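Q: Below is the file structure.cif, with mmCIF, C-alpha atoms and all ligand atoms.
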data_run
#
loop_
_atom_site.label_atom_id
_atom_site.label_comp_id
_atom_site.auth_asym_id
_atom_site.auth_seq_id
_atom_site.Cartn_x
_atom_site.Cartn_y
_atom_site.Cartn_z
CA MET E 1024 13.75 7.80 25.74
CA ALA E 1025 14.34 8.32 22.07
CA LYS E 1026 11.54 10.06 20.30
CA GLN E 1027 8.95 7.81 18.74
CA LEU E 1028 9.39 7.26 15.02
CA THR E 1029 5.82 8.42 14.42
CA ASP E 1030 6.57 11.78 16.14
CA ARG E 1031 9.73 12.22 14.11
CA ILE E 1032 7.85 11.59 10.89
CA LEU E 1033 5.22 14.18 11.82
CA GLU E 1034 7.87 16.75 12.72
CA TYR E 1035 9.65 16.13 9.45
CA LEU E 1036 6.39 16.52 7.57
CA ALA E 1037 5.65 19.79 9.43
CA SER E 1038 8.71 21.40 7.86
CA HIS E 1039 8.59 19.61 4.49
CA ASP E 1040 5.29 19.52 2.63
CA GLU E 1041 5.72 16.04 1.30
CA THR E 1042 8.07 13.11 1.52
CA ASN E 1043 8.16 9.36 1.02
CA SER E 1044 9.02 6.32 3.05
CA LEU E 1045 12.31 5.68 1.23
CA ASP E 1046 13.60 9.22 1.77
CA LEU E 1047 12.56 9.02 5.43
CA ALA E 1048 14.44 5.74 5.87
CA ASP E 1049 17.48 7.52 4.44
CA GLU E 1050 16.99 10.63 6.55
CA PHE E 1051 16.49 8.76 9.83
CA GLN E 1052 18.88 5.90 8.99
CA GLU E 1053 16.11 3.46 9.79
CA ASP E 1054 14.93 0.26 8.21
CA HIS E 1055 12.40 0.95 5.43
CA GLN E 1056 9.92 -1.58 6.80
CA LYS E 1057 9.98 0.15 10.19
CA ILE E 1058 9.17 3.46 8.54
CA ILE E 1059 6.30 1.80 6.63
CA GLY E 1060 4.99 0.41 9.94
CA ALA E 1061 5.08 3.85 11.56
CA ILE E 1062 3.34 5.44 8.55
CA LYS E 1063 0.65 2.77 8.69
CA SER E 1064 -0.04 3.52 12.32
CA LEU E 1065 -0.24 7.28 11.54
CA GLU E 1066 -2.58 6.46 8.69
CA THR E 1067 -5.13 5.01 11.12
CA MET E 1068 -5.54 8.43 12.70
CA ASP E 1069 -8.33 10.45 11.27
CA ASN E 1070 -6.98 12.44 8.30
CA LEU E 1071 -3.68 13.25 10.02
CA ILE E 1072 -1.66 12.42 6.92
CA THR E 1073 -2.48 11.54 3.32
CA VAL E 1074 -0.74 8.44 2.07
CA THR E 1075 -0.42 7.26 -1.54
CA PRO E 1076 1.25 3.91 -2.20
CA ILE E 1077 3.64 3.83 -5.17
CA SER E 1078 5.77 1.10 -6.68
CA LYS E 1079 9.34 1.89 -7.56
CA LYS E 1080 11.16 -0.35 -9.98
CA GLU E 1081 14.91 -0.62 -9.63
CA TRP E 1082 17.41 -2.45 -11.75
CA GLU E 1083 20.23 -4.45 -10.27
CA ILE E 1084 23.18 -6.01 -12.08
CA THR E 1085 23.48 -9.75 -11.46
CA ALA E 1086 26.78 -11.56 -10.82
CA GLU E 1087 26.73 -12.61 -14.49
CA GLY E 1088 26.15 -8.96 -15.44
CA GLN E 1089 29.15 -7.92 -13.30
CA HIS E 1090 31.22 -10.42 -15.22
CA VAL E 1091 30.15 -8.74 -18.46
CA ILE E 1092 31.12 -5.31 -17.08
CA GLU E 1093 34.55 -6.59 -16.18
CA TYR E 1094 35.41 -8.83 -19.16
CA GLY E 1095 32.89 -7.95 -21.88
CA SER E 1096 29.72 -9.69 -23.05
CA HIS E 1097 29.92 -13.45 -23.46
CA GLU E 1098 29.81 -13.07 -27.25
CA ALA E 1099 32.53 -10.40 -27.21
CA VAL E 1100 34.73 -12.64 -25.04
CA VAL E 1101 34.24 -15.50 -27.49
CA TYR E 1102 35.00 -13.18 -30.44
CA ASN E 1103 38.15 -11.83 -28.78
CA THR E 1104 39.35 -15.34 -28.00
CA VAL E 1105 39.28 -16.34 -31.66
CA PRO E 1106 42.77 -15.74 -33.12
CA ASP E 1107 43.05 -14.42 -36.68
CA LYS E 1108 43.97 -17.84 -38.02
CA GLY E 1109 40.91 -19.44 -36.38
CA ILE E 1110 40.57 -21.97 -33.53
CA PRO E 1111 39.07 -25.47 -33.31
CA GLN E 1112 35.52 -25.16 -31.95
CA ALA E 1113 36.12 -27.72 -29.19
CA GLU E 1114 39.15 -25.80 -27.93
CA LEU E 1115 37.30 -22.47 -28.01
CA MET E 1116 34.43 -23.91 -25.98
CA LYS E 1117 36.82 -24.98 -23.24
CA SER E 1118 38.80 -21.77 -23.07
CA VAL E 1119 36.27 -19.22 -21.78
CA PRO E 1120 33.40 -19.13 -19.29
CA TYR E 1121 29.84 -18.84 -20.68
CA ALA E 1122 31.22 -20.19 -23.97
CA LYS E 1123 27.97 -21.82 -25.07
CA VAL E 1124 25.81 -18.66 -24.96
CA GLY E 1125 28.69 -16.51 -26.13
CA PHE E 1126 29.25 -18.76 -29.14
CA SER E 1127 25.62 -18.86 -30.24
CA LYS E 1128 25.12 -15.10 -29.74
CA ALA E 1129 28.32 -14.31 -31.64
CA MET E 1130 27.12 -16.56 -34.49
CA VAL E 1131 23.71 -14.85 -34.57
CA ALA E 1132 25.41 -11.44 -34.53
CA GLY E 1133 27.50 -12.53 -37.52
CA TRP E 1134 30.77 -11.87 -35.66
CA ILE E 1135 32.19 -15.35 -36.14
CA GLU E 1136 31.68 -18.25 -38.54
CA LEU E 1137 32.04 -22.00 -38.31
CA ASP E 1138 34.08 -23.70 -40.98
CA LYS E 1139 33.09 -27.36 -41.22
CA ASN E 1140 35.09 -28.15 -44.37
CA GLY E 1141 38.13 -29.62 -42.63
CA SER E 1142 38.40 -32.67 -40.42
CA ILE E 1143 37.37 -30.68 -37.33
CA PRO E 1144 35.09 -27.61 -37.13
CA ILE E 1145 37.09 -24.39 -36.98
CA VAL E 1146 35.78 -21.06 -35.70
CA ARG E 1147 36.95 -17.92 -37.51
CA LYS E 1148 36.33 -14.22 -37.10
CA LYS E 1149 33.88 -12.94 -39.70
CA VAL E 1150 34.27 -9.19 -39.08
CA PRO E 1151 37.44 -7.15 -38.43
CA PHE E 1152 36.16 -5.53 -35.22
CA ILE E 1153 33.11 -5.42 -33.00
CA VAL E 1154 31.40 -2.94 -30.68
CA ASP E 1155 30.30 -4.52 -27.42
CA THR E 1156 27.09 -2.56 -26.82
CA ILE E 1157 26.00 -4.86 -24.00
CA GLN E 1158 29.05 -3.97 -21.93
CA ILE E 1159 28.58 -0.28 -22.78
CA HIS E 1160 24.94 -0.45 -21.69
CA LEU E 1161 25.64 -2.28 -18.45
CA LYS E 1162 28.38 0.20 -17.53
CA ASP E 1163 25.96 3.08 -18.06
CA LEU E 1164 22.59 1.71 -16.94
CA ALA E 1165 21.06 5.15 -16.39
CA ASN E 1166 21.23 5.82 -20.14
CA THR E 1167 20.05 2.39 -21.24
CA PRO E 1168 16.49 2.27 -22.61
CA GLU E 1169 13.93 0.25 -20.61
CA ASN E 1170 13.21 -2.24 -23.41
CA VAL E 1171 16.92 -3.05 -23.69
CA LYS E 1172 17.06 -3.60 -19.93
CA THR E 1173 14.13 -6.01 -20.22
CA GLU E 1174 16.11 -7.90 -22.87
CA TYR E 1175 19.10 -8.13 -20.50
CA LYS E 1176 16.80 -9.35 -17.76
CA LYS E 1177 15.88 -12.27 -20.02
CA ARG E 1178 19.59 -12.97 -20.39
CA LYS E 1179 19.93 -12.85 -16.58
CA LEU E 1180 22.40 -9.97 -16.73
CA LEU E 1181 19.96 -7.71 -14.89
CA GLN E 1182 17.19 -8.24 -12.41
CA ASP E 1183 14.51 -5.83 -11.35
CA THR E 1184 13.16 -5.36 -7.89
CA VAL E 1185 9.93 -3.55 -7.24
CA THR E 1186 9.83 -1.72 -3.93
CA LYS E 1187 6.52 -0.58 -2.62
CA ILE E 1188 6.97 2.83 -1.10
CA MET E 1189 4.58 5.30 0.47
CA HIS E 1190 4.29 8.90 -0.52
CA LEU E 1191 2.97 11.15 2.24
CA GLU E 1192 1.57 14.62 2.66
CA LYS E 1193 -0.08 16.51 5.46
CA GLY E 1194 -3.73 15.53 5.85
CA PRO E 1195 -6.61 17.96 6.56
CA ASN E 1196 -6.24 17.30 10.32
CA PHE E 1197 -2.44 17.47 10.33
CA SER E 1198 -0.77 18.11 13.66
CA THR E 1199 2.54 17.12 15.18
CA LYS E 1200 0.84 16.08 18.37
CA ILE E 1201 -0.86 12.74 18.23
CA GLU E 1202 -3.80 12.45 20.48
CA LYS E 1203 -4.52 8.90 21.41
CA LEU E 1204 -8.02 8.10 20.27
CA GLU E 1205 -10.34 6.17 22.54
CA ALA E 1206 -11.53 2.86 21.18
CA ASP E 1207 -14.31 2.22 23.74
CA LEU E 1208 -16.79 4.35 25.58
CA THR E 1209 -16.26 2.93 29.06
CA SER E 1210 -18.39 3.38 32.16
CA ASP E 1211 -15.50 5.34 33.73
CA LEU E 1212 -15.44 7.84 30.89
CA LEU E 1213 -19.19 8.28 31.28
CA ALA E 1214 -19.12 8.54 35.08
CA ASN E 1215 -16.39 11.20 35.31
CA GLY E 1216 -17.56 13.12 32.26
CA ALA E 1217 -14.17 12.75 30.55
CA TRP E 1218 -15.93 11.51 27.39
CA LYS E 1219 -16.77 15.16 26.58
CA ASN E 1220 -13.14 16.01 25.79
CA LYS E 1221 -12.06 12.71 24.35
CA LYS E 1222 -11.73 11.89 20.68
CA PHE E 1223 -12.96 8.50 19.59
CA LYS E 1224 -11.70 6.19 16.92
CA PRO E 1225 -14.05 6.10 13.96
CA TYR E 1226 -15.91 2.85 13.38
CA ASN E 1227 -14.13 0.54 10.99
CA PHE E 1228 -16.91 -0.86 8.89
CA GLU E 1229 -14.35 -2.67 6.75
CA ALA E 1230 -13.15 -4.83 9.64
CA LEU E 1231 -13.75 -8.53 9.18
CA GLY E 1232 -16.00 -10.09 11.77
CA ALA E 1233 -14.68 -12.76 14.09
CA ALA E 1234 -14.42 -16.08 12.25
CA LEU E 1235 -17.38 -18.30 13.00
CA GLN E 1236 -16.83 -21.79 14.36
CA VAL E 1237 -18.83 -23.52 11.68
CA GLY E 1238 -18.37 -26.22 9.07
CA HIS E 1239 -16.78 -25.28 5.75
CA LEU E 1240 -17.38 -26.37 2.20
CA HIS E 1241 -14.52 -27.85 0.23
CA PRO E 1242 -13.67 -25.79 -2.90
CA LEU E 1243 -14.84 -28.62 -5.17
CA LEU E 1244 -18.30 -28.44 -3.61
CA LYS E 1245 -18.41 -24.68 -4.08
CA VAL E 1246 -17.40 -24.86 -7.74
CA ARG E 1247 -19.81 -27.75 -8.31
CA GLN E 1248 -22.62 -25.57 -6.97
CA GLU E 1249 -21.65 -22.81 -9.44
CA PHE E 1250 -21.79 -25.26 -12.36
CA ARG E 1251 -25.15 -26.53 -11.24
CA LYS E 1252 -26.42 -22.95 -11.21
CA ILE E 1253 -25.16 -22.38 -14.76
CA PHE E 1254 -26.89 -25.51 -16.04
CA LEU E 1255 -30.12 -24.52 -14.36
CA GLU E 1256 -29.89 -21.03 -15.87
CA MET E 1257 -29.49 -22.67 -19.26
CA GLY E 1258 -32.82 -24.48 -18.80
CA LYS E 1259 -31.92 -28.05 -17.95
CA GLY E 1260 -33.99 -29.42 -15.39
CA GLY E 1261 -28.39 -37.79 -41.63
CA TYR E 1262 -27.03 -40.94 -40.70
CA GLY E 1263 -23.95 -41.30 -43.03
CA SER E 1264 -21.77 -42.08 -40.00
CA GLN E 1265 -18.44 -43.87 -40.33
CA GLY E 1266 -19.32 -46.17 -37.45
CA TYR E 1267 -17.23 -46.87 -34.37
CA ARG E 1268 -14.29 -48.13 -36.40
CA TYR E 1269 -13.80 -51.03 -34.04
CA ASP E 1270 -15.69 -54.21 -33.26
CA TRP E 1271 -18.20 -53.84 -30.48
CA LYS E 1272 -18.15 -56.80 -28.15
CA LEU E 1273 -20.92 -57.85 -25.80
CA GLU E 1274 -18.45 -59.39 -23.29
CA GLU E 1275 -16.56 -56.10 -23.18
CA ALA E 1276 -19.76 -54.13 -22.60
CA GLN E 1277 -20.84 -56.49 -19.84
CA LYS E 1278 -17.63 -56.11 -17.84
CA ASN E 1279 -18.09 -54.66 -14.40
CA LEU E 1280 -15.83 -51.67 -14.00
CA LEU E 1281 -15.83 -48.20 -12.56
CA ARG E 1282 -17.11 -45.79 -15.19
CA THR E 1283 -14.50 -43.71 -16.97
CA HIS E 1284 -16.91 -40.92 -17.88
CA THR E 1285 -20.40 -39.71 -17.10
CA THR E 1286 -21.56 -40.20 -20.70
CA ALA E 1287 -22.68 -43.59 -19.39
CA VAL E 1288 -25.18 -41.66 -17.25
CA THR E 1289 -26.32 -39.71 -20.31
CA ALA E 1290 -27.00 -42.89 -22.29
CA ARG E 1291 -28.92 -44.27 -19.33
CA MET E 1292 -31.05 -41.11 -19.05
CA LEU E 1293 -31.86 -41.12 -22.78
CA TYR E 1294 -32.90 -44.74 -22.48
CA LYS E 1295 -35.10 -43.87 -19.51
CA LEU E 1296 -36.64 -40.95 -21.41
CA MET E 1297 -37.79 -43.25 -24.20
CA GLN E 1298 -39.07 -45.83 -21.71
CA GLU E 1299 -41.47 -43.14 -20.49
CA GLY E 1300 -43.20 -43.21 -23.87
CA GLU E 1301 -42.98 -40.43 -26.42
CA PHE E 1302 -39.87 -38.34 -27.04
CA LYS E 1303 -39.91 -34.83 -25.66
CA PRO E 1304 -37.01 -32.34 -25.95
CA VAL E 1305 -34.82 -32.41 -22.82
CA LYS E 1306 -31.74 -30.81 -21.35
CA TYR E 1307 -29.78 -32.82 -18.81
CA PHE E 1308 -26.66 -32.31 -16.78
CA SER E 1309 -24.70 -34.45 -14.37
CA ILE E 1310 -21.74 -33.83 -12.08
CA ASP E 1311 -20.23 -36.96 -10.62
CA ARG E 1312 -17.17 -39.06 -10.03
CA VAL E 1313 -15.33 -40.95 -12.76
CA PHE E 1314 -12.32 -43.26 -12.60
CA ARG E 1315 -9.42 -43.67 -15.00
CA ASN E 1316 -6.27 -45.66 -15.25
CA GLU E 1317 -4.02 -42.59 -15.25
CA THR E 1318 -0.36 -42.10 -14.49
CA LEU E 1319 -0.56 -39.93 -11.39
CA ASP E 1320 1.09 -36.53 -11.52
CA ALA E 1321 0.55 -32.94 -10.38
CA THR E 1322 -2.62 -32.57 -12.44
CA HIS E 1323 -3.93 -36.14 -12.71
CA LEU E 1324 -5.46 -38.50 -10.18
CA ALA E 1325 -7.09 -41.84 -10.92
CA GLU E 1326 -10.44 -40.32 -10.04
CA PHE E 1327 -12.05 -36.97 -10.63
CA HIS E 1328 -15.42 -35.33 -11.14
CA GLN E 1329 -16.89 -34.89 -14.55
CA ILE E 1330 -19.38 -32.23 -15.52
CA GLU E 1331 -21.56 -33.16 -18.44
CA GLY E 1332 -24.27 -31.24 -20.29
CA VAL E 1333 -26.66 -32.77 -22.83
CA ILE E 1334 -29.39 -31.37 -25.07
CA ALA E 1335 -31.78 -33.55 -27.05
CA ASN E 1336 -34.12 -31.97 -29.58
CA TYR E 1337 -35.32 -32.21 -33.16
CA ARG E 1338 -32.79 -31.31 -35.88
CA LEU E 1339 -29.96 -29.95 -33.74
CA SER E 1340 -26.73 -29.19 -35.58
CA LEU E 1341 -23.06 -28.68 -34.82
CA GLY E 1342 -23.88 -24.95 -34.90
CA ASP E 1343 -26.22 -25.49 -31.92
CA LEU E 1344 -23.43 -27.26 -30.06
CA ILE E 1345 -20.92 -24.48 -30.73
CA GLY E 1346 -23.45 -21.81 -29.76
CA THR E 1347 -24.31 -23.68 -26.54
CA LEU E 1348 -20.63 -24.05 -25.64
CA TYR E 1349 -20.05 -20.32 -26.09
CA GLU E 1350 -23.05 -19.57 -23.88
CA PHE E 1351 -21.95 -22.07 -21.22
CA PHE E 1352 -18.33 -20.96 -21.03
CA LYS E 1353 -19.32 -17.28 -21.11
CA LYS E 1354 -21.00 -17.89 -17.78
CA LEU E 1355 -17.64 -19.03 -16.43
CA GLY E 1356 -16.05 -15.80 -17.66
CA ILE E 1357 -14.42 -17.56 -20.63
CA THR E 1358 -15.16 -15.91 -23.97
CA GLN E 1359 -12.37 -17.12 -26.26
CA LEU E 1360 -12.90 -20.69 -27.41
CA ARG E 1361 -11.31 -22.84 -30.10
CA PHE E 1362 -12.37 -26.29 -31.27
CA LYS E 1363 -10.28 -29.14 -32.55
CA PRO E 1364 -11.70 -32.21 -34.26
CA ALA E 1365 -11.48 -35.26 -32.00
CA TYR E 1366 -12.62 -38.85 -31.85
CA ASN E 1367 -15.17 -40.30 -29.45
CA PRO E 1368 -16.76 -43.68 -30.13
CA TYR E 1369 -20.15 -42.26 -29.12
CA THR E 1370 -20.13 -38.86 -30.88
CA GLU E 1371 -19.44 -37.75 -34.44
CA PRO E 1372 -18.37 -35.09 -35.11
CA SER E 1373 -16.46 -34.61 -31.86
CA MET E 1374 -14.53 -31.53 -30.78
CA GLU E 1375 -11.99 -30.85 -28.10
CA ILE E 1376 -12.62 -27.48 -26.51
CA PHE E 1377 -9.72 -25.09 -25.87
CA CYS E 1378 -9.99 -21.81 -24.02
CA PHE E 1379 -7.62 -18.89 -23.72
CA HIS E 1380 -6.39 -18.73 -20.16
CA ASN E 1381 -5.71 -15.11 -19.32
CA GLY E 1382 -3.49 -15.91 -16.34
CA LEU E 1383 -1.32 -18.44 -18.17
CA GLU E 1384 -1.58 -16.45 -21.42
CA LYS E 1385 -2.05 -19.55 -23.49
CA TRP E 1386 -4.69 -21.86 -24.97
CA ILE E 1387 -5.47 -24.82 -22.76
CA GLU E 1388 -7.73 -27.80 -23.29
CA ILE E 1389 -10.79 -27.50 -21.10
CA GLY E 1390 -13.25 -30.08 -22.40
CA ASN E 1391 -14.58 -32.43 -25.02
CA SER E 1392 -17.88 -32.42 -26.91
CA GLY E 1393 -19.82 -33.81 -29.83
CA MET E 1394 -23.05 -34.84 -31.54
CA PHE E 1395 -24.19 -38.27 -30.37
CA ARG E 1396 -24.00 -40.93 -33.06
CA PRO E 1397 -27.14 -42.57 -34.43
CA GLU E 1398 -25.60 -45.92 -33.49
CA LEU E 1399 -26.08 -44.86 -29.89
CA LEU E 1400 -29.44 -43.09 -30.26
CA LEU E 1401 -31.44 -45.40 -32.52
CA PRO E 1402 -31.16 -48.52 -30.32
CA LEU E 1403 -32.53 -46.39 -27.46
CA ASN E 1404 -35.58 -45.76 -29.71
CA LEU E 1405 -35.00 -42.04 -30.19
CA PRO E 1406 -36.78 -40.79 -33.35
CA PRO E 1407 -34.42 -40.52 -36.36
CA ASP E 1408 -34.83 -36.73 -36.65
CA VAL E 1409 -33.78 -36.15 -33.04
CA ASN E 1410 -30.19 -35.09 -32.41
CA VAL E 1411 -28.39 -35.06 -29.10
CA LEU E 1412 -25.43 -32.85 -28.39
CA GLY E 1413 -23.20 -33.04 -25.36
CA TRP E 1414 -20.05 -31.78 -23.76
CA GLY E 1415 -17.96 -32.67 -20.75
CA LEU E 1416 -15.24 -31.15 -18.61
CA SER E 1417 -13.64 -31.82 -15.26
CA LEU E 1418 -14.61 -30.08 -12.07
CA GLU E 1419 -11.06 -30.16 -10.73
CA ARG E 1420 -9.37 -28.20 -13.51
CA PRO E 1421 -11.45 -24.99 -13.31
CA THR E 1422 -11.33 -25.27 -9.50
CA MET E 1423 -7.53 -25.43 -9.52
CA ILE E 1424 -7.38 -22.42 -11.83
CA LYS E 1425 -9.95 -20.58 -9.72
CA TYR E 1426 -8.13 -21.19 -6.43
CA GLY E 1427 -4.63 -20.79 -7.87
CA LEU E 1428 -3.57 -24.36 -7.02
CA ASN E 1429 -1.03 -26.05 -9.26
CA ASN E 1430 -1.01 -29.46 -7.65
CA ILE E 1431 -4.16 -31.53 -7.60
CA ARG E 1432 -3.03 -33.08 -4.32
CA ASP E 1433 -3.57 -29.69 -2.70
CA LEU E 1434 -7.24 -30.05 -3.61
CA VAL E 1435 -8.00 -33.75 -3.18
CA GLY E 1436 -6.66 -36.32 -0.75
CA PRO E 1437 -4.89 -36.44 2.62
CA LYS E 1438 -2.57 -33.52 1.89
CA VAL E 1439 -5.37 -30.94 1.65
CA ASP E 1440 -4.67 -28.00 3.94
CA MET E 1441 -7.77 -27.41 6.02
CA GLU E 1442 -6.87 -23.73 6.39
CA MET E 1443 -7.21 -23.41 2.61
CA VAL E 1444 -10.69 -24.90 2.85
CA TYR E 1445 -11.67 -22.53 5.69
CA ASN E 1446 -10.18 -19.39 4.24
CA ASN E 1447 -11.24 -19.49 0.61
CA PRO E 1448 -14.37 -17.52 -0.10
CA ILE E 1449 -17.43 -18.85 -1.85
CA CYS E 1450 -16.46 -19.47 -5.46
CA ARG E 1451 -17.30 -16.96 -8.11
CA LEU E 1452 -16.48 -18.35 -11.50
CA GLU E 1453 -16.27 -15.01 -13.26
CA LYS E 1454 -12.80 -13.45 -13.04
N1 LIG E 1501 -17.26 -38.13 -22.22
C1 LIG E 1501 -16.39 -37.14 -22.79
C2 LIG E 1501 -17.01 -35.78 -22.80
C3 LIG E 1501 -18.18 -35.73 -23.73
C4 LIG E 1501 -19.47 -35.68 -23.23
C5 LIG E 1501 -20.56 -35.63 -24.09
C6 LIG E 1501 -20.34 -35.63 -25.45
C7 LIG E 1501 -19.05 -35.67 -25.95
C8 LIG E 1501 -17.99 -35.72 -25.09
C9 LIG E 1501 -15.06 -37.15 -21.98
O1 LIG E 1501 -14.92 -37.93 -21.10
O2 LIG E 1501 -14.17 -36.38 -22.23
#
Written as structure tokens, that's how I'd like the structure from this file.
Ligand SMILES: N[C@@H](Cc1ccccc1)C(=O)O

A:
Amino acid sequence: MAKQLTDRILEYLASHDETNSLDLADEFQEDHQKIIGAIKSLETMDNLITVTPISKKEWEITAEGQHVIEYGSHEAVVYNTVPDKGIPQAELMKSVPYAKVGFSKAMVAGWIELDKNGSIPIVRKKVPFIVDTIQIHLKDLANTPENVKTEYKKRKLLQDTVTKIMHLEKGPNFSTKIEKLEADLTSDLLANGAWKNKKFKPYNFEALGAALQVGHLHPLLKVRQEFRKIFLEMGKGGYGSQGYRYDWKLEEAQKNLLRTHTTAVTARMLYKLMQEGEFKPVKYFSIDRVFRNETLDATHLAEFHQIEGVIANYRLSLGDLIGTLYEFFKKLGITQLRFKPAYNPYTEPSMEIFCFHNGLEKWIEIGNSGMFRPELLLPLNLPPDVNVLGWGLSLERPTMIKYGLNNIRDLVGPKVDMEMVYNNPICRLEK
């Protein structure tokens, strides 16, 4: 029988102090993944070898890049196609492959110009000769700087592949003979005394326990719990307004419909507070379902959960709202916020809340907020010097970000993968 790959690796290592999986694959003419597998099994043996994973980036020329090597860059091809007397643009565009990119790049480079004075646009050469550095670079990749290669990657002339390879050296217990380690102390080993000369596998305290056959919480419930915790940690247990700027109608207000936001709950709670007698400062939160007439797409359903926070106290200002929002979002691991003036019929001023999403590397809208209008507060009998500030966001959006889902149907509805529900750990909102 052919020698085991693991034995061959050990023998190779005995005569060479160090090596790596890629060189071994070359040396043994074996598949790289097979070598990795063998190294991994050697790695389980107590200090036999020392393994360090490394990533190796390699550049590859794409089919489009090969075309450039053969015929020149798209812009050079366009330039070379232009005769000294010029050529109608339409004709030029039909005469070479990749004409569109080539044309715009050659224009940007200042190699050609477009003469629109006549009846049809004519392309002319603008310089007597050109140097096609792209072709030169692609032909001699080894001497091309990394940042230039990254540029070419954007142009799809190059692509990079990252190979994970393993570097290995002899470990403190290195030997070319592998002794099979015992996993269990059996009654046989005890009875015949063989245990004395056997080596045992070390305990693996990192091993995951067997999965328990229990119920699982849906991600939305886990994230909701986190929000509830944040609110509890935050202690919730001048007129001059421009008005609503539309006519309020009793018939409209009396219509029976599913609520579109939980601010209805807030108004109800403030009403209830004043029914109890005297005003006392309060902090409220609610997390519940709301319903909207939305066009359904990957991030919108006609129903979702809204998270709302409210603080009522004497003489609160917009500064209090901004400070509270920073404190709240900090607890979610979000520290960069921006605010944009917005309109809500029940708050003034109102602000949309944007946060910088590190993963997406851009600012995204995460919520809405504002100072409740006196038109809403005074009829509920709140004292005139009491201000109420509030903010709202959806439960689904942070959950999707948290669990790396980009389609809301993966989170809500009949297409939810139960494995995803079972396998995702308890939510931690910080990064
Ligand atoms: N109700 C608002 C959020 C909000 C709550 C409280 C005050 C201001 C705004 C929304 O649906 O987006």

Q: Once you count all atoms listed in the file, what closest atom pair and distance in Å to one decimal does each residue of region 1258-1331 of chain E within 7 Å of region 1420-1441 of chain E have, with rows by chain and rising residue number, as a Markdown table?

A:
| residue | atom | partner | partner_atom | distance |
| --- | --- | --- | --- | --- |
| E:Ala1321 | CA | E:Asn1430 | CA | 4.7 |
| E:Thr1322 | CA | E:Ile1431 | CA | 5.2 |
| E:His1323 | CA | E:Ile1431 | CA | 6.9 |

Q: Keeping only C-alpha atoms, take the residues you just selected and write them out as a PDB file, keeping the file's coordinate frame.

A:
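Result written to result-v7.pdb:
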ATOM      1  CA  ALA E1321       0.550 -32.940 -10.380  1.00  0.00           C
ATOM      2  CA  THR E1322      -2.620 -32.570 -12.440  1.00  0.00           C
ATOM      3  CA  HIS E1323      -3.930 -36.140 -12.710  1.00  0.00           C
TER       4      HIS E1323
END

Q: Step by step, measure atom-to-atom distances between ligand LIG 1501 (chain E) and each residue using only C-alpha atoms and all ligand atoms, keep those at most 7 Å, then write them as a ChimeraX atom specification.

A: /E:1284-1286,1331-1333,1367,1370,1373,1390-1395,1412-1416

Q: Residues within 7 Å of Ile1077 (chain E), please, as a PyMOL selection string. Count only C-alpha atoms; anything in the same chain fewer than 6 positions from it doesn't count.

A: chain E and resi 1187-1190

Q: At a cut-off of 10 Å, using only C-alpha atoms, what residues contact Leu1161 (chain E)? Leave out same-chain residues fewer than 5 positions from it and give the result as a PyMOL selection string.

A: chain E and resi 1084+1088-1089+1091-1092+1095-1096+1156+1166-1167+1172+1175+1180-1181

Q: Can you pull out every residue within 8 Å of Val1444 (chain E), counting only C-alpha atoms, but drop anything in the same chain fewer than 5 positions away, and send it as a list in words?

A: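 Here the answer would be His1239, Leu1240, His1241 and Pro1242 of chain E.
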
Q: Between CA of Leu1071 (chain E) and CA of Thr1199 (chain E), what distance in Å does the model show, to one decimal?

A: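 That distance, rounded to one decimal, is 9.0 Å.
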
Q: With a distance cut-off of 10 Å and all atoms listed in the file, select the neighbouring residues of Val1185 (chain E), excluding the residue or stretch itself and same-chain residues fewer than 6 positions from it, and output the selection as a ChimeraX atom specification.

A: /E:1077-1082

Q: Rounded to one decimal in Å, what is the spacing between CA of Phe1197 (chain E) and CA of Asn1070 (chain E)?

A: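 Atom-to-atom, CA of Phe1197 (chain E) and CA of Asn1070 (chain E) are spaced 7.1 Å apart.
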
Q: List the spatial neighbours of region 1146-1153 of chain E as a PyMOL selection string - criterion: any atom at most 9 Å away, only C-alpha atoms, same-chain residues fewer than 2 positions off excluded.

A: chain E and resi 1099+1102-1103+1105-1112+1115+1133-1139+1144+1155

Q: List the residues sitting within 6 Å of (-12.9, 5.5, 21.3) in the file's frame, using only C-alpha atoms, as a PDB file with C-alpha atoms, in the coordinates of the input.

A:
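result_34.pdb, freshly written:
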ATOM      1  CA  LEU E1204      -8.020   8.100  20.270  1.00  0.00           C
ATOM      2  CA  GLU E1205     -10.340   6.170  22.540  1.00  0.00           C
ATOM      3  CA  ALA E1206     -11.530   2.860  21.180  1.00  0.00           C
ATOM      4  CA  ASP E1207     -14.310   2.220  23.740  1.00  0.00           C
ATOM      5  CA  LEU E1208     -16.790   4.350  25.580  1.00  0.00           C
ATOM      6  CA  PHE E1223     -12.960   8.500  19.590  1.00  0.00           C
ATOM      7  CA  LYS E1224     -11.700   6.190  16.920  1.00  0.00           C
TER       8      LYS E1224
END

Q: Could you give me, as a list of chain:residue names, the residues that sit within 6 Å of (3.2, 15.5, 13.5) in the file's coordinates, counting only C-alpha atoms?

A: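 Selection result: E:Asp1030, E:Leu1033, E:Glu1034, E:Ser1198, E:Thr1199, E:Lys1200.
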
Q: Work out how far apart CA of His1328 (chain E) and CA of Leu1418 (chain E) are and give it in Å to one decimal.

A: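 CA of His1328 (chain E) sits 5.4 Å away from CA of Leu1418 (chain E).
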